[in-house]
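K.L.:
File entry-v7.pdb follows (PDB, C-alpha atoms and all ligand atoms):
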```pdb
ATOM      1  CA  MET R 159      -6.799 -10.847  10.671
ATOM      2  CA  LYS R 160      -5.764 -11.512   7.079
ATOM      3  CA  ALA R 161      -2.715  -9.739   5.708
ATOM      4  CA  CYS R 162      -1.016  -8.941   2.444
ATOM      5  CA  THR R 163       2.689  -8.177   2.145
ATOM      6  CA  ILE R 164       3.358  -5.409  -0.345
ATOM      7  CA  GLN R 165       6.725  -3.904  -1.135
ATOM      8  CA  GLN R 166       7.616  -0.270  -1.011
ATOM      9  CA  PRO R 167       7.099   2.020  -2.841
ATOM     10  CA  HIS R 168       3.646   0.629  -3.571
ATOM     11  CA  VAL R 169       2.483   0.041  -0.010
ATOM     12  CA  CYS R 170       3.114   3.621   1.151
ATOM     13  CA  ALA R 171       1.035   4.957  -1.729
ATOM     14  CA  ILE R 172      -1.814   2.600  -0.770
ATOM     15  CA  ALA R 173      -1.596   3.446   2.931
ATOM     16  CA  ALA R 174      -1.643   7.166   2.139
ATOM     17  CA  GLY R 175      -4.961   6.684   0.398
ATOM     18  CA  TRP R 176      -3.528   7.661  -2.950
ATOM     19  CA  LYS R 177      -3.315   4.232  -4.616
ATOM     20  CA  PRO R 178      -6.510   2.111  -4.492
ATOM     21  CA  THR R 179      -5.228  -0.661  -6.750
ATOM     22  CA  GLU R 180      -2.574  -3.279  -6.019
ATOM     23  CA  ASN R 181      -1.265  -5.335  -8.948
ATOM     24  CA  ARG R 182      -0.728  -9.069  -8.659
ATOM     25  CA  GLY R 183       0.018 -11.872 -11.067
ATOM     26  CA  ARG R 184      -2.863 -14.103 -10.010
ATOM     27  CA  ASN R 185      -6.479 -14.036  -8.895
ATOM     28  CA  LEU R 186      -7.679 -14.630  -5.350
ATOM     29  CA  SER R 187     -11.088 -15.269  -3.863
ATOM     30  CA  TYR R 188     -10.678 -13.554  -0.483
ATOM     31  CA  ARG R 189     -12.643 -10.369   0.156
ATOM     32  CA  GLY R 190     -12.827  -8.300   3.297
ATOM     33  CA  GLU R 191     -10.598  -6.735   5.912
ATOM     34  CA  ILE R 192      -6.900  -7.032   5.188
ATOM     35  CA  ALA R 193      -3.802  -5.714   6.940
ATOM     36  CA  LEU R 194      -1.274  -4.063   4.653
ATOM     37  CA  HIS R 195       2.212  -5.253   5.544
ATOM     38  CA  SER R 196       5.267  -3.430   4.240
ATOM     39  CA  GLY R 197       7.895  -5.951   3.148
ATOM     40  CA  LEU R 198      11.554  -5.678   4.089
ATOM     41  CA  SER R 199      12.776  -5.312   0.524
ATOM     42  CA  VAL R 200      12.026  -2.477  -1.826
ATOM     43  CA  SER R 201      10.530  -3.418  -5.169
ATOM     44  CA  ASP R 202      12.912  -3.243  -8.079
ATOM     45  CA  TYR R 203       9.830  -3.017 -10.235
ATOM     46  CA  ALA R 204       9.107   0.452  -8.893
ATOM     47  CA  LEU R 205      10.468   2.599 -11.609
ATOM     48  CA  PRO R 206       8.159   1.449 -14.418
ATOM     49  CA  ASP R 207       5.249   2.562 -12.193
ATOM     50  CA  PRO R 208       5.550   6.365 -12.279
ATOM     51  CA  ALA R 209       2.550   6.968 -10.024
ATOM     52  CA  ALA R 210       3.886   4.795  -7.180
ATOM     53  CA  THR R 211       7.326   6.273  -7.584
ATOM     54  CA  LEU R 212       5.952   9.811  -7.311
ATOM     55  CA  ALA R 213       4.044   8.898  -4.156
ATOM     56  CA  PHE R 214       7.132   7.279  -2.649
ATOM     57  CA  HIS R 215       9.259  10.335  -3.218
ATOM     58  CA  ALA R 216       6.530  12.680  -1.953
ATOM     59  CA  LEU R 217       6.631  10.836   1.389
ATOM     60  CA  GLY R 218      10.419  10.964   1.687
ATOM     61  CA  GLY R 219      11.744   8.293  -0.672
ATOM     62  CA  TYR R 220      14.701   6.047   0.044
ATOM     63  CA  PRO R 221      16.262   8.247   2.785
ATOM     64  CA  GLY R 222      13.011   7.970   4.735
ATOM     65  CA  LEU R 223      12.863   4.168   4.862
ATOM     66  CA  TRP R 224      13.273   2.753   8.371
ATOM     67  CA  ARG R 225      12.807  -0.503  10.275
ATOM     68  CA  PRO R 226      10.767  -0.173  13.464
ATOM     69  CA  SER R 227      11.971  -3.636  14.558
ATOM     70  CA  THR R 228      15.601  -2.528  14.768
ATOM     71  CA  THR R 229      15.521   1.113  15.777
ATOM     72  CA  ARG R 230      14.018   3.174  18.537
ATOM     73  CA  ALA R 231      13.846   6.150  16.260
ATOM     74  CA  THR R 232      10.580   6.842  14.558
ATOM     75  CA  GLY R 233      10.158   7.873  10.997
ATOM     76  CA  GLN R 234       7.326   8.525   8.568
ATOM     77  CA  PRO R 235       4.945   5.668   9.531
ATOM     78  CA  LEU R 236       4.140   4.919   5.899
ATOM     79  CA  LEU R 237       7.816   4.362   5.051
ATOM     80  CA  ALA R 238       8.367   1.618   7.634
ATOM     81  CA  LEU R 239       9.788  -1.703   6.434
ATOM     82  CA  GLY R 240       8.874  -5.060   7.950
ATOM     83  CA  ALA R 241       5.688  -3.887   9.642
ATOM     84  CA  VAL R 242       1.934  -3.625   9.309
ATOM     85  CA  ILE R 243       1.292  -0.003   8.350
ATOM     86  CA  ALA R 244      -2.423   0.080   7.468
ATOM     87  CA  VAL R 245      -5.671  -1.856   7.286
ATOM     88  CA  ALA R 246      -8.039  -1.784   4.320
ATOM     89  CA  ASP R 247     -11.008  -3.610   2.831
ATOM     90  CA  LEU R 248     -10.324  -5.753  -0.222
ATOM     91  CA  VAL R 249     -13.519  -5.128  -2.171
ATOM     92  CA  ASP R 250     -12.788  -6.540  -5.612
ATOM     93  CA  VAL R 251     -10.257  -8.475  -7.665
ATOM     94  CA  HIS R 252     -10.438  -8.532 -11.449
ATOM     95  CA  PRO R 253      -8.167  -9.206 -14.411
ATOM     96  CA  ALA R 254      -6.662  -6.082 -15.935
ATOM     97  CA  ALA R 255      -8.793  -5.060 -18.887
ATOM     98  CA  ALA R 256      -8.027  -2.680 -21.700
ATOM     99  CA  GLY R 257     -10.695  -0.141 -22.597
ATOM    100  CA  PRO R 258     -10.957   2.776 -24.977
ATOM    101  CA  ASP R 259      -9.140   5.008 -22.468
ATOM    102  CA  GLY R 260      -6.359   2.542 -21.702
ATOM    103  CA  ILE R 261      -6.028   0.017 -18.908
ATOM    104  CA  CYS R 262      -8.711  -0.143 -16.185
ATOM    105  CA  CYS R 263      -7.763   1.318 -12.777
ATOM    106  CA  ALA R 264      -5.194   3.600 -14.438
ATOM    107  CA  PRO R 265      -2.831   5.087 -13.443
ATOM    108  CA  TRP R 266      -2.321   2.622 -10.590
ATOM    109  CA  GLY R 267      -3.529  -0.509 -12.347
ATOM    110  CA  GLN R 268      -0.920  -2.048 -14.615
ATOM    111  CA  PRO R 269      -1.573  -4.334 -17.610
ATOM    112  CA  ARG R 270       1.147  -6.764 -16.511
ATOM    113  CA  HIS R 271       2.700  -7.617 -13.212
ATOM    114  CA  GLY R 272       6.258  -8.162 -12.061
ATOM    115  CA  THR R 273       9.440  -8.916 -13.870
ATOM    116  CA  ALA R 274       7.898 -12.049 -15.411
ATOM    117  CA  GLY R 275       5.285  -9.867 -17.064
ATOM    118  CA  ARG R 276       2.265 -11.987 -16.166
ATOM    119  CA  PRO R 277      -1.154 -10.547 -16.997
ATOM    120  CA  ALA R 278      -2.075  -8.473 -13.944
ATOM    121  CA  HIS R 279      -5.004  -8.867 -11.585
ATOM    122  CA  HIS R 280      -6.141  -5.684  -9.866
ATOM    123  CA  LEU R 281      -6.823  -5.829  -6.140
ATOM    124  CA  VAL R 282      -9.210  -2.976  -5.349
ATOM    125  CA  LEU R 283      -8.829  -1.581  -1.827
ATOM    126  CA  ALA R 284     -11.173   0.752   0.051
ATOM    127  CA  ASN R 285     -11.571   2.210   3.550
ATOM    128  CA  VAL R 286      -7.810   2.448   4.074
ATOM    129  CA  ARG R 287      -6.804   3.264   7.638
ATOM    130  CA  ALA R 288      -3.112   4.011   8.182
ATOM    131  CA  LEU R 289      -1.657   3.084  11.564
ATOM    132  CA  PRO R 290       0.044   5.908  13.472
ATOM    133  CA  ARG R 291       2.580   3.402  14.818
ATOM    134  CA  PRO R 292       3.732   0.594  12.482
ATOM    135  CA  VAL R 293       3.544  -2.866  14.070
ATOM    136  CA  PRO R 294       6.737  -4.884  13.319
ATOM    137  CA  CYS R 295       6.115  -8.333  11.896
ATOM    138  CA  SER R 296       7.642 -10.749   9.382
ATOM    139  CA  GLY R 297       5.879 -10.949   6.057
ATOM    140  CA  LYS R 298       4.876 -13.836   3.803
ATOM    141  CA  GLN R 299       4.623 -14.314   0.082
ATOM    142  CA  ILE R 300       1.281 -16.138   0.125
ATOM    143  CA  LEU R 301      -1.842 -14.033  -0.262
ATOM    144  CA  PRO R 302      -3.600 -13.591   2.050
ATOM    145  CA  TRP R 303      -1.778 -14.775   5.164
ATOM    146  CA  ASP R 304      -2.809 -14.692   8.826
ATOM    147  CA  LEU R 305      -1.276 -12.188  11.229
ATOM    148  CA  PRO R 306       0.090 -13.696  14.453
ATOM    149  CA  PRO R 307      -2.465 -13.109  17.245
ATOM    150  CA  ASP R 308      -0.284 -10.619  19.140
ATOM    151  CA  VAL R 309       0.296  -8.548  16.004
ATOM    152  CA  ALA R 310      -3.405  -8.613  15.125
ATOM    153  CA  ALA R 311      -4.233  -7.463  18.666
ATOM    154  CA  ALA R 312      -1.769  -4.574  18.425
ATOM    155  CA  VAL R 313      -3.244  -3.535  15.081
ATOM    156  CA  ARG R 314      -6.823  -3.727  16.374
ATOM    157  CA  ALA R 315      -5.880  -1.666  19.430
ATOM    158  CA  GLN R 316      -4.720   1.145  17.174
ATOM    159  CA  LEU R 317      -7.847   0.908  15.028
ATOM    160  CA  ALA R 318      -9.924   1.337  18.193
ATOM    161  CA  GLU R 319      -8.140   4.557  19.112
ATOM    162  CA  PRO R 320      -9.664   7.874  18.115
ATOM    163  CA  ALA R 321      -8.772   8.347  14.479
ATOM    164  CA  ALA R 322      -5.290   9.770  14.359
ATOM    165  CA  GLU R 323      -4.716  12.637  12.007
ATOM    166  CA  LEU R 324      -2.349  11.316   9.398
ATOM    167  CA  VAL R 325       0.063  14.070   8.466
ATOM    168  CA  LEU R 326       1.029  13.701   4.847
ATOM    169  CA  PRO R 327       3.369  15.963   2.946
ATOM    170  CA  GLU R 328       1.930  18.046   0.202
ATOM    171  CA  PRO R 329       2.188  15.947  -2.937
ATOM    172  CA  ASP R 330       3.979  17.607  -5.761
ATOM    173  CA  ARG R 331       2.128  18.721  -8.848
ATOM    174  CA  ALA R 332       2.951  15.578 -10.776
ATOM    175  CA  LEU R 333       1.448  13.331  -8.106
ATOM    176  CA  ALA R 334      -1.575  15.567  -7.668
ATOM    177  CA  ALA R 335      -2.215  15.152 -11.372
ATOM    178  CA  VAL R 336      -2.466  11.352 -11.112
ATOM    179  CA  VAL R 337      -4.392  11.104  -7.837
ATOM    180  CA  PRO R 338      -8.163  11.003  -8.443
ATOM    181  CA  GLY R 339      -9.591  14.083  -6.786
ATOM    182  CA  GLY R 340      -6.272  15.841  -6.954
ATOM    183  CA  VAL R 341      -4.532  17.433  -4.007
ATOM    184  CA  GLU R 342      -7.645  17.583  -1.831
ATOM    185  CA  THR R 343      -7.872  13.791  -1.802
ATOM    186  CA  ALA R 344      -4.156  13.338  -1.425
ATOM    187  CA  ALA R 345      -3.788  15.774   1.444
ATOM    188  CA  ARG R 346      -6.715  14.547   3.552
TER     189      ARG R 346
HETATM  190 ZN    ZN J   1      -8.702  -2.774 -13.052
END
```
Please go through the file and, once you have read it, give me the structure as structure tokens.

P.N.:
Amino acid sequence: MKACTIQQPHVCAIAAGWKPTENRGRNLSYRGEIALHSGLSVSDYALPDPAATLAFHALGGYPGLWRPSTTRATGQPLLALGAVIAVADLVDVHPAAAGPDGICCAPWGQPRHGTAGRPAHHLVLANVRALPRPVPCSGKQILPWDLPPDVAAAVRAQLAEPAAELVLPEPDRALAAVVPGGVETAAR
């Protein structure tokens, strides 16, 4: 199973089904199933992305971050660090493009990516399935990378379970305003 390491706060917003676009500084040819791995570090590029920051705080924010590899306690599954937290389909990758209404894939798509400010590519994700129990695993910077077989098996076992009801907090009004479909989509 292919995987993509994404830092918080972005990965929780994707796993919640709120954020369908991941920003990267380069193109890639892979399409298809991809595990979403939450990195150990939290992005210092979070604050310029108001939509991701709102999603992060709606789920619990910094106090809610936890490492399933080092604790027996369980927390909000989407705020785990160092673990696979969801699986999605990567359906498209395209360079960020400006249109009459601003940047494509707004508000989640950014015109530039990272502290170096490279022109962004938008990774479009669909069919996101959050895991009820994060699977601890080390991440990698390359994109995509291959999950170790035991991790992939643990992820697939959860996908084969009856769909777990993901309990998400009610997003605040500001987040509801930026999520396509509003609160009904966000609170599914
Ligand atoms: Zn776009």

K.L.:
For ligand ZN 1 (chain J), return the neighbouring residues as an MDAnalysis selection string (distance at most 12 Å; all atoms listed in the file).

P.N.:
chainID R and resid 178:182 250:257 260:270 277:283

K.L.:
Please determine, counting all atoms listed in the file, which residue among R:Ala241, R:Asp247, R:Gly197, R:Pro167 has the shortest atom-to-atom distance to Tyr220 (chain R).

P.N.:
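Nearest to Tyr220 (chain R): R:Pro167.
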
K.L.:
Leaving out Pro307 (chain R) and any residue of its chain fewer than 3 positions from it, which residues lie within 12 Å of it when counting all atoms listed in the file, given as number ranges by chain?

P.N.:
R: 159-160, 295, 304, 310-314

K.L.:
Can you work out the spacing between CA of Ala173 (chain R) and CA of Ser199 (chain R) in Å, to one decimal?

P.N.:
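One can read the CA of Ala173 (chain R) to CA of Ser199 (chain R) distance as 17.0 Å.
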
K.L.:
Fewer than 6 positions away in the same chain doesn't count, so skip those; otherwise give me all residues within 12 Å of Val309 (chain R), counting all atoms listed in the file, as JSON, numbers by chain.

P.N.:
{"R": [159, 160, 161, 193, 195, 241, 242, 243, 292, 293, 294, 295, 296, 297, 315, 316]}

K.L.:
Find the distance between CA of Arg184 (chain R) and CA of His271 (chain R) and write it in Å to one decimal.

P.N.:
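Straight-line distance from CA of Arg184 (chain R) to CA of His271 (chain R) works out to 9.1 Å.
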
K.L.:
Between CA of Arg276 (chain R) and CA of Cys162 (chain R), what is the spacing in Å?

P.N.:
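Pair CA of Cys162 (chain R) / CA of Arg276 (chain R) returns 19.1 Å.
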
K.L.:
As a short mmCIF file (atom, residue, chain, number, x, y, z; two decimals), keeping the file's coordinate frame, could you write out region 247-266 of chain R once it has been completed with N, CA and C atoms?

P.N.:
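Writing done, so here's part.cif:
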```cif
data_model
loop_
_atom_site.label_atom_id
_atom_site.label_comp_id
_atom_site.auth_asym_id
_atom_site.auth_seq_id
_atom_site.Cartn_x
_atom_site.Cartn_y
_atom_site.Cartn_z
N ASP R 247 -10.05 -2.60 3.26
CA ASP R 247 -11.01 -3.61 2.83
C ASP R 247 -10.70 -3.98 1.39
N LEU R 248 -10.50 -5.27 1.15
CA LEU R 248 -10.32 -5.75 -0.22
C LEU R 248 -11.72 -5.98 -0.79
N VAL R 249 -12.13 -5.12 -1.72
CA VAL R 249 -13.52 -5.13 -2.17
C VAL R 249 -13.70 -5.78 -3.53
N ASP R 250 -12.63 -5.94 -4.29
CA ASP R 250 -12.79 -6.54 -5.61
C ASP R 250 -11.43 -7.00 -6.11
N VAL R 251 -11.45 -8.04 -6.93
CA VAL R 251 -10.26 -8.48 -7.66
C VAL R 251 -10.72 -8.81 -9.08
N HIS R 252 -10.05 -8.26 -10.06
CA HIS R 252 -10.44 -8.53 -11.45
C HIS R 252 -9.21 -8.53 -12.35
N PRO R 253 -9.28 -9.26 -13.46
CA PRO R 253 -8.17 -9.21 -14.41
C PRO R 253 -8.07 -7.82 -15.05
N ALA R 254 -6.85 -7.36 -15.25
CA ALA R 254 -6.66 -6.08 -15.94
C ALA R 254 -7.34 -6.14 -17.30
N ALA R 255 -8.07 -5.09 -17.62
CA ALA R 255 -8.79 -5.06 -18.89
C ALA R 255 -8.51 -3.75 -19.61
N ALA R 256 -8.27 -3.87 -20.89
CA ALA R 256 -8.03 -2.68 -21.70
C ALA R 256 -9.35 -2.12 -22.19
N GLY R 257 -9.51 -0.81 -22.09
CA GLY R 257 -10.70 -0.14 -22.60
C GLY R 257 -10.29 0.94 -23.56
N PRO R 258 -11.27 1.72 -24.00
CA PRO R 258 -10.96 2.78 -24.98
C PRO R 258 -10.01 3.83 -24.41
N ASP R 259 -10.00 3.99 -23.08
CA ASP R 259 -9.14 5.01 -22.47
C ASP R 259 -7.88 4.40 -21.86
N GLY R 260 -7.54 3.18 -22.27
CA GLY R 260 -6.36 2.54 -21.70
C GLY R 260 -6.75 1.47 -20.70
N ILE R 261 -5.80 1.11 -19.84
CA ILE R 261 -6.03 0.02 -18.91
C ILE R 261 -6.98 0.46 -17.79
N CYS R 262 -7.84 -0.47 -17.31
CA CYS R 262 -8.71 -0.14 -16.18
C CYS R 262 -7.86 0.17 -14.96
N CYS R 263 -8.44 0.95 -14.04
CA CYS R 263 -7.76 1.32 -12.78
C CYS R 263 -6.50 2.15 -13.00
N ALA R 264 -6.33 2.71 -14.20
CA ALA R 264 -5.19 3.60 -14.44
C ALA R 264 -5.30 4.82 -13.52
N PRO R 265 -4.21 5.43 -13.08
CA PRO R 265 -2.83 5.09 -13.44
C PRO R 265 -2.20 4.02 -12.55
N TRP R 266 -2.93 3.55 -11.55
CA TRP R 266 -2.32 2.62 -10.59
C TRP R 266 -2.37 1.19 -11.08
#
```
